[in-house]
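J.: Please find one structure pasted underneath; my questions will follow.
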Amino acid sequence: MAKQSSIIVPDELKSIASEGEKSIASEGEEHIASEGEKRVMLHACCAPCSSAIVEWLLAHGITPIIYYYNPNIYPEEEYLTRKNESKRHAESLGIRWIDDDYNHENWCCAVKGLESEPERGKRCEMCFRYRLLATAKMAKAQGIAWFATTLASSRWKNLEQINAAGIWAAEQVGGVSFWAQNWRKDGLQERRNELLKAYNFYNQLYCGCEFSMPKA
Ligand code: SF4
């Protein structure tokens, strides 16, 4: 008997996803969305966390549009390294990749007063809201009804906080829905680690902001 998937696909994305696994584009081959193809705006925090999710979506007939928006990352050099890895990943699969601005100063204003919060605390909650609000807006601007985030693949992050932030962002924008999903299930965590090695991705040592950097 086939193993039951624990990834819950929203009904609107289901008609194609339920047809079963499809072959995904091989390296260098462009993944061209066919008419009526199901799409999801996927906020990518980094290439390693995106890899298994993107692979799963493509294999289930859902086209991810990768949205790279992470003004939380500090310093800029680290930001550029992570961003370039995300771009390299998308290009290798021929999927669309959208880059948004890097304004770390504005992000710092948004988390002002929360600098000494621990990870998984109120600063992270604000950080998720900040990035997912932009993702919801981008999804709407691009006419994509669903958005999701690869933040939800990290076992170091609080899934409930991420889901609450995504639902909140969808409510603020209207006309778009957040796909709340535990992307660590169905072997995706293990697959992430395999793809990390296969692509030889840069693997960051801290979450992203200056407050999460390892103390010297
Ligand atoms: S620790 Fe990570 S999630 Fe939390 S505020 Fe910093 S960058 Fe954002």
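Numbering starts fresh at 1 for the residues of each chain in the structure tokens, the chains themselves are lettered A, B, ... in the order given, and ligands are numbered from 1 as they appear.
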Please find the residues contacting ligand 1 at a distance of at most 8 Å between atoms, with only C-alpha atoms and all ligand atoms counted, and report them as a PyMOL selection string.

T.: chain A and resi 72-73+111+118-121+123-128+157+206-212

J.: Just N, CA and C atoms for this one: save the residues we selected as a compact mmCIF listing (two decimals), in the first residue's frame.

T.:
```
# COMPACT_ATOMS: atom_id res chain seq x y z
N ASN A 72 16.63 40.85 6.62
CA ASN A 72 17.09 40.56 7.98
C ASN A 72 18.56 40.17 8.03
N ILE A 73 19.08 39.70 6.88
CA ILE A 73 20.43 39.11 6.91
C ILE A 73 21.52 40.18 7.04
N VAL A 111 12.21 45.79 14.04
CA VAL A 111 12.45 44.93 15.23
C VAL A 111 13.02 45.74 16.41
N PRO A 118 15.27 36.31 22.69
CA PRO A 118 15.93 35.08 22.25
C PRO A 118 15.38 34.62 20.91
N GLU A 119 16.10 33.72 20.24
CA GLU A 119 15.57 33.14 19.00
C GLU A 119 14.29 32.39 19.34
N ARG A 120 13.33 32.46 18.45
CA ARG A 120 11.97 31.93 18.61
C ARG A 120 11.10 32.86 19.47
N GLY A 121 11.63 34.03 19.80
CA GLY A 121 10.88 35.00 20.61
C GLY A 121 10.16 36.01 19.73
N ARG A 123 11.12 38.91 18.49
CA ARG A 123 11.83 39.48 17.33
C ARG A 123 11.63 38.60 16.10
N CYS A 124 11.71 37.30 16.31
CA CYS A 124 11.55 36.37 15.18
C CYS A 124 10.12 36.44 14.64
N GLU A 125 9.18 36.60 15.56
CA GLU A 125 7.78 36.73 15.15
C GLU A 125 7.62 37.92 14.20
N MET A 126 8.22 39.03 14.60
CA MET A 126 8.17 40.25 13.78
C MET A 126 8.89 40.06 12.45
N CYS A 127 10.02 39.38 12.52
CA CYS A 127 10.83 39.12 11.32
C CYS A 127 10.04 38.27 10.31
N PHE A 128 9.31 37.29 10.80
CA PHE A 128 8.50 36.45 9.91
C PHE A 128 7.39 37.28 9.28
N LYS A 157 13.31 26.73 13.88
CA LYS A 157 12.30 27.80 13.95
C LYS A 157 10.97 27.27 14.47
N TYR A 206 24.45 30.67 11.06
CA TYR A 206 23.53 31.35 11.98
C TYR A 206 22.28 31.74 11.21
N CYS A 207 21.22 32.08 11.95
CA CYS A 207 19.93 32.31 11.31
C CYS A 207 20.00 33.43 10.26
N GLY A 208 20.52 34.60 10.65
CA GLY A 208 20.60 35.65 9.62
C GLY A 208 20.92 37.04 10.17
N CYS A 209 20.20 37.49 11.19
CA CYS A 209 20.41 38.85 11.68
C CYS A 209 21.64 38.90 12.59
N GLU A 210 22.07 40.12 12.88
CA GLU A 210 23.24 40.31 13.74
C GLU A 210 23.02 39.77 15.16
N PHE A 211 21.74 39.71 15.56
CA PHE A 211 21.44 39.26 16.92
C PHE A 211 21.52 37.73 17.05
N SER A 212 21.61 37.07 15.90
CA SER A 212 21.68 35.60 15.93
C SER A 212 23.08 35.10 15.60
```

J.: Quick check for you: according to DSSP on this backbone, which residues of segment 62-143 of chain A are classed as strand (DSSP E or B)? Reply as a count of residues only.

T.: 10

J.: In segment 62-136 of chain A, what's helix (DSSP H, G or I) per DSSP? Answer as a ChimeraX atom specification?

T.: /A:76-93,104-110,122-136

J.: Got time to write the residues from that selection, C-alpha atoms, as an mmCIF file, in the first residue's frame?

T.:
```
data_model
loop_
_atom_site.group_PDB
_atom_site.id
_atom_site.type_symbol
_atom_site.label_atom_id
_atom_site.label_comp_id
_atom_site.auth_asym_id
_atom_site.auth_seq_id
_atom_site.Cartn_x
_atom_site.Cartn_y
_atom_site.Cartn_z
ATOM 1 C CA GLU A 76 25.594 42.462 3.426
ATOM 2 C CA GLU A 77 28.362 40.097 2.331
ATOM 3 C CA GLU A 78 26.524 37.204 3.993
ATOM 4 C CA TYR A 79 23.280 38.378 2.380
ATOM 5 C CA LEU A 80 24.863 38.364 -1.082
ATOM 6 C CA THR A 81 26.353 34.900 -0.586
ATOM 7 C CA ARG A 82 22.974 33.425 0.398
ATOM 8 C CA LYS A 83 21.169 35.309 -2.349
ATOM 9 C CA ASN A 84 23.546 34.114 -5.053
ATOM 10 C CA GLU A 85 23.134 30.525 -3.916
ATOM 11 C CA SER A 86 19.351 30.853 -4.151
ATOM 12 C CA LYS A 87 19.683 32.294 -7.662
ATOM 13 C CA ARG A 88 22.053 29.515 -8.711
ATOM 14 C CA HIS A 89 19.562 26.937 -7.438
ATOM 15 C CA ALA A 90 16.623 28.464 -9.358
ATOM 16 C CA GLU A 91 18.674 28.820 -12.528
ATOM 17 C CA SER A 92 19.769 25.187 -12.376
ATOM 18 C CA LEU A 93 16.082 24.176 -12.476
ATOM 19 C CA HIS A 104 18.479 46.142 6.435
ATOM 20 C CA GLU A 105 18.010 49.539 8.066
ATOM 21 C CA ASN A 106 14.236 49.358 7.612
ATOM 22 C CA TRP A 107 14.210 45.802 8.949
ATOM 23 C CA CYS A 108 16.136 46.996 12.047
ATOM 24 C CA CYS A 109 13.461 49.677 12.599
ATOM 25 C CA ALA A 110 10.771 46.979 12.467
ATOM 26 C CA LYS A 122 9.080 38.207 19.648
ATOM 27 C CA ARG A 123 11.827 39.483 17.335
ATOM 28 C CA CYS A 124 11.553 36.369 15.183
ATOM 29 C CA GLU A 125 7.776 36.726 15.151
ATOM 30 C CA MET A 126 8.168 40.251 13.779
ATOM 31 C CA CYS A 127 10.827 39.116 11.321
ATOM 32 C CA PHE A 128 8.497 36.448 9.906
ATOM 33 C CA ARG A 129 5.662 38.946 9.591
ATOM 34 C CA TYR A 130 7.937 41.424 7.859
ATOM 35 C CA ARG A 131 9.089 38.970 5.196
ATOM 36 C CA LEU A 132 5.764 37.209 4.700
ATOM 37 C CA LEU A 133 3.835 40.464 4.329
ATOM 38 C CA ALA A 134 6.131 41.338 1.413
ATOM 39 C CA THR A 135 5.626 37.827 -0.002
ATOM 40 C CA ALA A 136 1.836 38.128 0.199
#
```

J.: Which residues, written as a ChimeraX atom specification, have at least one atom at most 9 Å from segment 148-152 of chain A, with only C-alpha atoms counted and residues fewer than 3 positions away on the same chain left out?

T.: /A:40-46,49-50,53,128,132,135-136,155,157-159,162-163,166,177-184

J.: With only C-alpha atoms as the atoms that count, which of A:Leu13, A:Ala216, A:Leu188, A:Ala198 lies nearest to Phe147 of chain A?

T.: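 Ranked by minimum distance to Phe147 of chain A, first place goes to A:Leu13.
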
J.: Would you work out the distance separating atom CA of Glu12 of chain A from atom CA of Gly143 of chain A, expressed in Å to one decimal?

T.: 14.3 Å
